[in-house]
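Source file protein-v6.csv; content: CSV, C-alpha atoms.
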chain,number,residue,atom,x,y,z
A,498,MET,CA,-78.0,190.6,-162.4
A,499,TYR,CA,-77.6,192.3,-159.0
A,500,ASN,CA,-78.8,190.8,-155.7
A,501,VAL,CA,-80.8,193.6,-154.0
A,502,SER,CA,-81.2,193.1,-150.2
A,503,VAL,CA,-81.5,195.1,-147.0
A,504,SER,CA,-78.5,195.7,-144.7
A,505,PRO,CA,-76.2,194.4,-143.3
A,506,HIS,CA,-74.3,193.8,-146.6
A,507,VAL,CA,-71.0,192.9,-144.9
A,508,ARG,CA,-71.3,189.6,-143.0
A,509,ASP,CA,-69.0,187.6,-140.8
A,510,LYS,CA,-68.8,183.9,-140.2
A,511,SER,CA,-68.6,184.4,-136.4
A,512,SER,CA,-71.6,183.9,-134.2
A,513,THR,CA,-72.6,184.1,-130.6
A,514,LYS,CA,-72.0,180.4,-130.2
A,515,SER,CA,-68.5,180.4,-131.8
A,516,ILE,CA,-67.4,183.5,-129.8
A,517,MET,CA,-68.6,182.1,-126.5
A,518,ARG,CA,-67.0,178.7,-127.3
A,519,ASP,CA,-63.7,180.5,-128.0
A,520,VAL,CA,-63.9,182.3,-124.6
A,521,ALA,CA,-64.6,179.0,-122.9
A,522,ILE,CA,-61.6,177.4,-124.5
A,523,ALA,CA,-59.4,180.4,-123.6
A,524,LEU,CA,-60.4,180.0,-119.9
A,525,VAL,CA,-59.2,176.4,-119.9
A,526,PRO,CA,-55.5,177.2,-119.1
A,527,THR,CA,-56.1,179.4,-116.1
A,528,LEU,CA,-58.9,177.2,-114.7
A,529,GLY,CA,-56.9,174.1,-115.4
A,530,PHE,CA,-53.9,175.5,-113.5
A,531,GLY,CA,-56.3,176.4,-110.7
A,532,VAL,CA,-57.3,172.8,-110.4
A,533,TYR,CA,-53.7,171.6,-110.5
A,534,HIS,CA,-52.7,174.2,-107.9
A,535,PHE,CA,-55.6,174.0,-105.5
A,536,GLY,CA,-56.9,170.5,-105.9
A,537,ILE,CA,-60.2,168.7,-106.2
A,538,ASN,CA,-62.3,171.3,-104.5
A,539,ALA,CA,-61.4,173.8,-107.2
A,540,LEU,CA,-62.7,171.3,-109.9
A,541,VAL,CA,-65.9,170.8,-108.0
A,542,LEU,CA,-66.5,174.5,-107.8
A,543,ILE,CA,-65.9,175.0,-111.5
A,544,LEU,CA,-68.2,172.2,-112.5
A,545,VAL,CA,-71.0,173.3,-110.1
A,546,SER,CA,-70.7,176.9,-111.2
A,547,ALA,CA,-70.9,176.0,-114.9
A,548,ALA,CA,-73.7,173.5,-114.5
A,549,SER,CA,-75.7,175.9,-112.3
A,550,CYS,CA,-75.6,178.8,-114.8
A,551,MET,CA,-76.8,176.5,-117.6
A,552,ALA,CA,-79.5,175.0,-115.5
A,553,PHE,CA,-80.9,178.3,-114.2
A,554,GLU,CA,-81.0,179.7,-117.7
A,555,ALA,CA,-82.7,176.7,-119.2
A,556,LEU,CA,-85.2,176.5,-116.2
A,557,TYR,CA,-86.1,180.2,-116.5
A,558,GLU,CA,-86.7,180.0,-120.3
A,559,PHE,CA,-88.7,176.8,-119.8
A,560,LEU,CA,-91.0,178.4,-117.2
A,561,MET,CA,-91.4,181.6,-119.1
A,562,LYS,CA,-92.1,179.6,-122.3
A,563,LYS,CA,-89.1,181.3,-124.1
A,564,PRO,CA,-86.8,179.6,-126.7
A,565,ILE,CA,-84.0,177.6,-124.9
A,566,THR,CA,-80.7,179.4,-125.6
A,567,VAL,CA,-78.5,177.5,-123.2
A,568,PHE,CA,-76.7,175.9,-126.1
A,569,ASP,CA,-75.2,179.2,-127.2
A,570,TRP,CA,-72.4,178.7,-124.6
A,571,SER,CA,-73.0,182.1,-123.0
A,572,ALA,CA,-74.4,180.6,-119.7
A,573,LEU,CA,-71.4,178.2,-119.6
A,574,VAL,CA,-69.0,181.2,-120.0
A,575,THR,CA,-70.8,183.0,-117.2
A,576,GLY,CA,-70.4,180.0,-114.9
A,577,LEU,CA,-66.7,179.6,-115.8
A,578,ILE,CA,-66.0,183.3,-115.0
A,579,ILE,CA,-67.8,183.0,-111.7
A,580,ALA,CA,-65.6,180.0,-110.9
A,581,VAL,CA,-62.5,182.1,-111.9
A,582,ASN,CA,-63.4,184.6,-109.1
A,583,LEU,CA,-64.1,182.0,-106.4
A,584,PRO,CA,-61.6,181.2,-103.6
A,585,PRO,CA,-60.6,177.5,-103.7
A,586,THR,CA,-62.0,177.2,-100.1
A,587,ALA,CA,-65.5,178.2,-101.1
A,588,ALA,CA,-68.4,175.9,-100.2
A,589,TRP,CA,-70.1,174.0,-103.0
A,590,TRP,CA,-73.4,175.8,-102.6
A,591,MET,CA,-71.9,179.3,-103.1
A,592,PRO,CA,-71.5,179.1,-106.9
A,593,ILE,CA,-75.1,177.9,-107.1
A,594,LEU,CA,-76.3,181.1,-105.3
A,595,GLY,CA,-74.0,183.3,-107.4
A,596,SER,CA,-75.1,181.6,-110.6
A,597,ALA,CA,-78.8,182.2,-109.7
A,598,PHE,CA,-78.2,185.9,-109.1
A,599,ALA,CA,-76.1,186.3,-112.2
A,600,ILE,CA,-78.4,184.4,-114.6
A,601,ILE,CA,-81.9,185.1,-113.3
A,602,VAL,CA,-81.6,188.6,-111.8
A,603,VAL,CA,-78.9,190.3,-113.9
A,604,LYS,CA,-79.3,188.5,-117.3
A,605,MET,CA,-82.7,187.0,-117.8
A,606,LEU,CA,-84.9,189.5,-116.0
A,607,PHE,CA,-83.4,192.2,-118.2
A,608,GLY,CA,-84.2,190.4,-121.5
A,609,GLY,CA,-81.4,187.8,-121.8
A,610,LEU,CA,-78.1,187.9,-123.6
A,611,GLY,CA,-77.5,191.3,-125.1
A,612,GLN,CA,-79.8,193.2,-122.8
A,613,ASN,CA,-78.0,192.9,-119.4
A,614,PHE,CA,-76.6,196.2,-118.1
A,615,MET,CA,-73.6,194.7,-116.3
A,616,ASN,CA,-71.4,191.7,-116.6
A,617,PRO,CA,-73.5,188.9,-115.0
A,618,ALA,CA,-70.6,186.9,-113.7
A,619,LEU,CA,-69.1,189.9,-111.9
A,620,ALA,CA,-72.5,190.7,-110.5
A,621,GLY,CA,-72.7,187.2,-109.1
A,622,ARG,CA,-69.2,187.5,-107.6
A,623,ALA,CA,-70.1,190.9,-106.1
A,624,PHE,CA,-73.3,189.4,-104.6
A,625,LEU,CA,-71.4,186.5,-103.0
A,626,THR,CA,-68.7,188.9,-101.7
A,627,ILE,CA,-71.3,191.1,-100.0
A,628,SER,CA,-73.3,188.2,-98.7
A,629,PHE,CA,-70.5,186.0,-97.5
A,630,THR,CA,-67.5,188.3,-97.1
A,631,ALA,CA,-65.6,186.0,-94.7
A,632,ARG,CA,-65.9,183.0,-97.0
A,633,MET,CA,-65.1,184.9,-100.2
A,634,THR,CA,-61.9,186.3,-98.6
A,635,ASN,CA,-60.6,183.1,-97.1
A,636,PHE,CA,-57.7,181.9,-99.3
A,637,ALA,CA,-56.0,179.6,-96.8
A,638,VAL,CA,-55.1,176.4,-98.6
A,639,ASP,CA,-52.6,173.6,-97.7
A,640,GLY,CA,-49.1,174.9,-98.4
A,641,TYR,CA,-50.2,178.5,-98.9
A,642,SER,CA,-51.0,181.2,-96.4
A,643,GLY,CA,-54.3,183.0,-96.3
A,644,ALA,CA,-52.7,186.4,-97.3
A,645,THR,CA,-52.9,187.1,-101.0
A,646,PRO,CA,-50.0,188.9,-102.7
A,647,LEU,CA,-52.2,192.0,-103.1
A,648,ALA,CA,-52.7,192.0,-99.3
A,649,VAL,CA,-49.0,191.6,-98.8
A,650,LEU,CA,-48.3,194.5,-101.1
A,651,LYS,CA,-50.9,196.7,-99.4
A,652,GLU,CA,-49.2,196.1,-96.1
A,653,GLY,CA,-45.8,197.0,-97.5
A,654,GLY,CA,-44.5,193.5,-97.8
A,655,ALA,CA,-42.4,191.9,-100.6
A,656,VAL,CA,-43.6,189.4,-103.2
A,657,ASN,CA,-41.9,186.9,-105.4
A,658,LEU,CA,-42.4,187.9,-109.0
A,659,LYS,CA,-41.5,184.5,-110.4
A,660,ASP,CA,-44.2,182.9,-108.2
A,661,LEU,CA,-46.7,185.5,-109.3
A,662,PHE,CA,-46.0,184.9,-113.0
A,663,PHE,CA,-46.2,181.1,-112.8
A,664,GLY,CA,-49.0,181.0,-110.2
A,665,PHE,CA,-47.5,179.5,-107.0
A,666,GLN,CA,-49.5,181.8,-104.7
A,667,SER,CA,-52.8,182.1,-102.9
A,668,GLY,CA,-55.8,183.7,-104.5
A,669,CYS,CA,-58.9,182.9,-106.5
A,670,ILE,CA,-59.1,179.8,-108.6
A,671,GLY,CA,-58.6,181.4,-112.0
A,672,GLU,CA,-56.4,184.4,-111.3
A,673,VAL,CA,-53.2,183.1,-109.7
A,674,SER,CA,-51.2,182.2,-112.9
A,675,ALA,CA,-50.3,185.2,-115.1
A,676,LEU,CA,-48.8,182.8,-117.6
A,677,ALA,CA,-52.0,180.8,-117.9
A,678,ILE,CA,-54.1,183.9,-118.3
A,679,LEU,CA,-51.8,185.3,-121.0
A,680,ILE,CA,-52.0,182.0,-122.9
A,681,GLY,CA,-55.8,182.2,-123.0
A,682,ALA,CA,-55.6,185.9,-123.9
A,683,ALA,CA,-53.3,185.2,-126.8
A,684,TYR,CA,-55.8,182.6,-128.1
A,685,LEU,CA,-58.6,185.2,-128.0
A,686,VAL,CA,-56.5,187.8,-129.8
A,687,ILE,CA,-55.4,185.2,-132.5
A,688,ARG,CA,-59.0,184.2,-133.0
A,689,ARG,CA,-59.9,187.9,-133.2
A,690,VAL,CA,-62.5,187.5,-130.5
A,691,ILE,CA,-61.1,190.5,-128.7
A,692,SER,CA,-58.9,193.4,-129.5
A,693,LEU,CA,-56.2,194.7,-127.3
A,694,ARG,CA,-57.7,198.2,-127.1
A,695,ILE,CA,-59.5,197.8,-123.8
A,696,PRO,CA,-57.1,195.4,-122.1
A,697,LEU,CA,-54.0,197.4,-122.7
A,698,THR,CA,-55.7,200.7,-121.9
A,699,TYR,CA,-57.0,199.2,-118.7
A,700,ILE,CA,-53.7,197.5,-117.6
A,701,ILE,CA,-51.5,200.5,-118.4
A,702,SER,CA,-53.8,203.1,-116.9
A,703,THR,CA,-54.2,201.0,-113.7
A,704,ILE,CA,-50.4,200.7,-113.2
A,705,CYS,CA,-49.8,204.4,-114.1
A,706,PHE,CA,-52.5,205.7,-111.7
A,707,ILE,CA,-51.2,203.4,-108.9
A,708,ALA,CA,-47.7,204.8,-109.5
A,709,VAL,CA,-49.0,208.4,-109.5
A,710,ILE,CA,-50.9,207.9,-106.2
A,711,LYS,CA,-47.9,206.2,-104.6
A,712,LEU,CA,-45.6,209.0,-105.7
A,713,ILE,CA,-48.0,211.6,-104.4
A,714,ASN,CA,-48.0,209.8,-101.0
A,715,GLY,CA,-44.2,210.0,-100.9
A,716,THR,CA,-43.1,206.6,-102.1
A,717,PRO,CA,-39.5,206.8,-103.2
A,718,VAL,CA,-38.6,205.7,-106.8
A,719,ASN,CA,-36.2,202.8,-106.6
A,720,ALA,CA,-35.9,199.1,-107.5
A,721,ASP,CA,-38.4,198.1,-104.8
A,722,PHE,CA,-41.0,200.5,-106.3
A,723,GLY,CA,-40.6,198.8,-109.7
A,724,ILE,CA,-41.1,195.4,-108.1
A,725,TYR,CA,-44.2,196.7,-106.3
A,726,LEU,CA,-45.7,197.9,-109.6
A,727,LEU,CA,-45.0,194.5,-111.3
A,728,GLY,CA,-46.5,192.8,-108.3
A,729,GLU,CA,-49.7,194.9,-108.7
A,730,LEU,CA,-49.7,193.9,-112.4
A,731,LEU,CA,-49.2,190.1,-111.9
A,732,SER,CA,-51.3,189.6,-108.8
A,733,GLY,CA,-55.1,189.7,-108.1
A,734,GLY,CA,-57.6,189.9,-110.9
A,735,LEU,CA,-56.1,192.6,-113.1
A,736,LEU,CA,-55.0,190.4,-116.0
A,737,VAL,CA,-58.0,188.1,-116.0
A,738,GLY,CA,-60.3,191.0,-115.6
A,739,ALA,CA,-58.7,192.9,-118.5
A,740,PHE,CA,-58.9,190.1,-121.0
A,741,PHE,CA,-61.9,188.1,-120.0
A,742,MET,CA,-64.3,190.6,-118.2
A,743,ALA,CA,-63.6,194.1,-119.4
A,744,THR,CA,-64.0,192.8,-123.0
A,745,ASP,CA,-67.5,191.6,-122.7
A,746,TYR,CA,-69.3,192.6,-125.9
A,747,VAL,CA,-72.6,193.5,-124.2
A,748,THR,CA,-71.4,195.7,-121.4
A,749,THR,CA,-68.6,197.6,-123.1
A,750,PRO,CA,-68.6,200.5,-125.5
A,751,VAL,CA,-68.7,199.8,-129.3
A,752,THR,CA,-67.0,203.1,-130.3
A,753,VAL,CA,-63.2,203.2,-130.5
A,754,LYS,CA,-62.9,206.3,-128.4
A,755,GLY,CA,-65.4,204.9,-126.0
A,756,GLN,CA,-63.4,201.8,-125.4
A,757,ILE,CA,-60.3,203.8,-124.6
A,758,VAL,CA,-62.3,206.0,-122.2
A,759,PHE,CA,-63.8,202.9,-120.7
A,760,GLY,CA,-60.4,201.4,-120.1
A,761,LEU,CA,-59.1,204.7,-118.5
A,762,ILE,CA,-62.1,204.9,-116.2
A,763,ILE,CA,-61.9,201.3,-114.9
A,764,GLY,CA,-58.1,201.7,-114.6
A,765,LEU,CA,-58.5,204.8,-112.4
A,766,LEU,CA,-61.2,203.1,-110.3
A,767,THR,CA,-59.1,199.9,-109.8
A,768,ALA,CA,-56.1,202.1,-108.8
A,769,LEU,CA,-58.2,204.0,-106.3
A,770,PHE,CA,-59.7,200.8,-104.8
A,771,ARG,CA,-56.4,199.1,-104.5
A,772,THR,CA,-54.4,202.0,-103.0
A,773,LEU,CA,-57.0,204.0,-101.0
A,774,GLY,CA,-59.7,201.4,-100.4
A,775,SER,CA,-60.1,199.2,-97.4
A,776,THR,CA,-59.5,196.0,-99.4
A,777,ALA,CA,-56.6,195.1,-101.6
A,778,GLU,CA,-58.6,194.2,-104.7
A,779,GLY,CA,-61.1,196.3,-106.8
A,780,VAL,CA,-61.2,194.9,-110.3
A,781,SER,CA,-64.8,193.5,-110.1
A,782,TYR,CA,-66.3,196.6,-108.7
A,783,ALA,CA,-64.4,198.9,-111.1
A,784,ILE,CA,-65.6,197.0,-114.1
A,785,ILE,CA,-69.2,196.9,-112.8
A,786,ILE,CA,-69.2,200.7,-112.3
A,787,GLY,CA,-67.6,201.0,-115.8
A,788,ASN,CA,-70.5,198.9,-117.2
A,789,LEU,CA,-73.0,201.3,-115.7
A,790,LEU,CA,-71.3,204.3,-117.4
A,791,VAL,CA,-71.3,202.7,-120.9
A,792,PRO,CA,-74.4,204.4,-122.2
A,793,LEU,CA,-73.0,207.8,-121.2
A,794,ILE,CA,-69.6,207.0,-122.7
A,795,GLU,CA,-71.1,205.9,-126.0
A,796,ASN,CA,-73.4,209.0,-126.1
A,797,LYS,CA,-70.3,211.2,-125.8
A,798,THR,CA,-68.0,209.3,-128.1
A,799,VAL,CA,-70.3,208.3,-131.0
A,800,PRO,CA,-68.7,209.5,-134.2
A,801,ARG,CA,-70.4,212.2,-136.2
A,802,ALA,CA,-72.0,211.0,-139.4
A,803,PHE,CA,-70.2,211.9,-142.6
A,804,GLY,CA,-71.3,215.2,-144.0
A,805,CYS,CA,-73.0,216.4,-140.7
A,806,GLU,CA,-71.7,219.7,-139.3
A,807,LYS,CA,-70.8,219.7,-135.6
A,808,GLU,CA,-73.4,221.5,-133.6
A,809,SER,CA,-72.0,224.4,-131.6
A,810,PHE,CA,-72.7,224.7,-127.9
A,811,PHE,CA,-74.7,227.9,-128.3
A,812,ARG,CA,-76.8,226.5,-131.1
A,813,ARG,CA,-77.6,223.4,-129.0
A,814,VAL,CA,-78.6,225.5,-126.0
A,815,LYS,CA,-80.9,227.7,-128.2
A,816,LYS,CA,-82.5,224.6,-129.8
A,817,GLU,CA,-83.1,223.0,-126.4
A,818,GLY,CA,-84.6,226.2,-125.1
A,819,GLY,CA,-87.0,226.4,-128.0
A,820,GLU,CA,-88.1,222.8,-127.5
A,821,ASN,CA,-88.8,223.5,-123.8
A,822,GLU,CA,-91.0,226.5,-124.7
Using structure tokens, write down the structure that the file contains.
Amino acid sequence: MYNVSVSPHVRDKSSTKSIMRDVAIALVPTLGFGVYHFGINALVLILVSAASCMAFEALYEFLMKKPITVFDWSALVTGLIIAVNLPPTAAWWMPILGSAFAIIVVKMLFGGLGQNFMNPALAGRAFLTISFTARMTNFAVDGYSGATPLAVLKEGGAVNLKDLFFGFQSGCIGEVSALAILIGAAYLVIRRVISLRIPLTYIISTICFIAVIKLINGTPVNADFGIYLLGELLSGGLLVGAFFMATDYVTTPVTVKGQIVFGLIIGLLTALFRTLGSTAEGVSYAIIIGNLLVPLIENKTVPRAFGCEKESFFRRVKKEGGENE
């Protein structure tokens, strides 16, 4: 006897809840180090951000008489990623505003999880940066200067690679320790929550484009240039963006070629923002712009169905002309 049923015929044990739970677990090392490094205010911001996202999602669904989905962990992950991108000096009410924009405007008004056109957490971070620029760029904490390593590199200064790797530097709560970020990333890869296709393409292309731009501008190739490139790799939001934000299932291409193209595009944008822009960072804006280009990327990289002949340019033009008539 055969069991006849409709597709899909191949099933996986993973679910939205299990995937989001793994992402939340993977964020623990970098957020935990942020609390250790910056103190109690960092912990307050993390808790307020996570609680706000969950509360806004539950409240919206209750008022709109929709099923409550807050227990799928996606709102919690959004809150944690917003906290990752907050400076440790931020006021307690800032993650509440960022969470409201991320959950209500970007996520729920467009249909909820799976329908948002950009990463809600990055949209919340961008909203806060535009609205409260001075507060979002103030990284002065006891024992650490207000200048981030990226700002130092942009001004031509030197950085300590050891401090960058272990996290003894100024910056946002969840982006200072490359080691902690890589521990969380390794967990996601081992759990098969993410592949390395987008992260590696993004990281390598960013560093390569930065190198090319600097060489065009006349930067000499020497040991200091290599330290500079490693500094660009280990500082700022590049690593955490590559593994935790650029890999969002909803806002990234599903095709293999599309994921590579996506990584190249956001890598180029990040390099341009960092080297030619007025600010030292550009990861959030690069990924948001990449999110907006995903429909176009998928349209151009979708694989041809088996047995279908590739349509020539002239045949396509002729067919479109006939349809217009």
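The nearest approach to Val581 of chain A among the residues A:Asn714, A:Ser781, A:Thr645, A:Thr749, with only C-alpha atoms taken into account, belongs to A:Ser781.
Among the candidates A:Glu672, A:Asp660, A:Glu554, A:Asp721, the one nearest to Gly734 of chain A when counting all atoms listed in the file is A:Glu672.
Atom CA of Asn796 of chain A to atom CA of Val747 of chain A spans 15.6 Å [interatomic distance, one decimal].
Reported to one decimal place, the separation of atom CA of Ala768 of chain A from atom CA of Glu795 of chain A is 23.1 Å.
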Q. Distance atom CA of Val567 of chain A-atom CA of Ile678 of chain A, one decimal place?
A. 25.7 Å
Within 9 Å of Ala548 of chain A using all atoms listed in the file, minus same-chain residues under 2 positions, as an mmCIF file with C-alpha atoms, in the coordinates of the input:
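For reference, around16.cif as written:
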data_model
loop_
_atom_site.group_PDB
_atom_site.id
_atom_site.type_symbol
_atom_site.label_atom_id
_atom_site.label_comp_id
_atom_site.auth_asym_id
_atom_site.auth_seq_id
_atom_site.Cartn_x
_atom_site.Cartn_y
_atom_site.Cartn_z
ATOM 1 C CA ILE A 543 -65.900 175.000 -111.500
ATOM 2 C CA LEU A 544 -68.200 172.200 -112.500
ATOM 3 C CA VAL A 545 -71.000 173.300 -110.100
ATOM 4 C CA SER A 546 -70.700 176.900 -111.200
ATOM 5 C CA CYS A 550 -75.600 178.800 -114.800
ATOM 6 C CA MET A 551 -76.800 176.500 -117.600
ATOM 7 C CA ALA A 552 -79.500 175.000 -115.500
ATOM 8 C CA PHE A 553 -80.900 178.300 -114.200
ATOM 9 C CA ALA A 572 -74.400 180.600 -119.700
ATOM 10 C CA LEU A 573 -71.400 178.200 -119.600
ATOM 11 C CA GLY A 576 -70.400 180.000 -114.900
ATOM 12 C CA ILE A 593 -75.100 177.900 -107.100
#
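Shortest atom-to-atom contact with Val690 of chain A among A:Phe740, A:Pro617, A:Arg801, A:Phe665: A:Phe740, counting all atoms listed in the file.
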Q) Leaving out Ala620 of chain A and any residue of its chain fewer than 2 positions from it, which residues lie within 12 Å of it when counting only C-alpha atoms, given as a ChimeraX atom specification? A) /A:575-576,578-579,582,594-604,613-618,622-627,742,781-786,788-789
Q) A:His534, A:Lys651, A:Lys514, A:Lys659: which is nearest Asp569 of chain A, counting only C-alpha atoms? A) A:Lys514
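Among A:Leu736, A:Leu693, A:Val751, A:Ile757, the residue with the shortest atom-to-atom distance to Val799 of chain A, counting all atoms listed in the file, is A:Val751.
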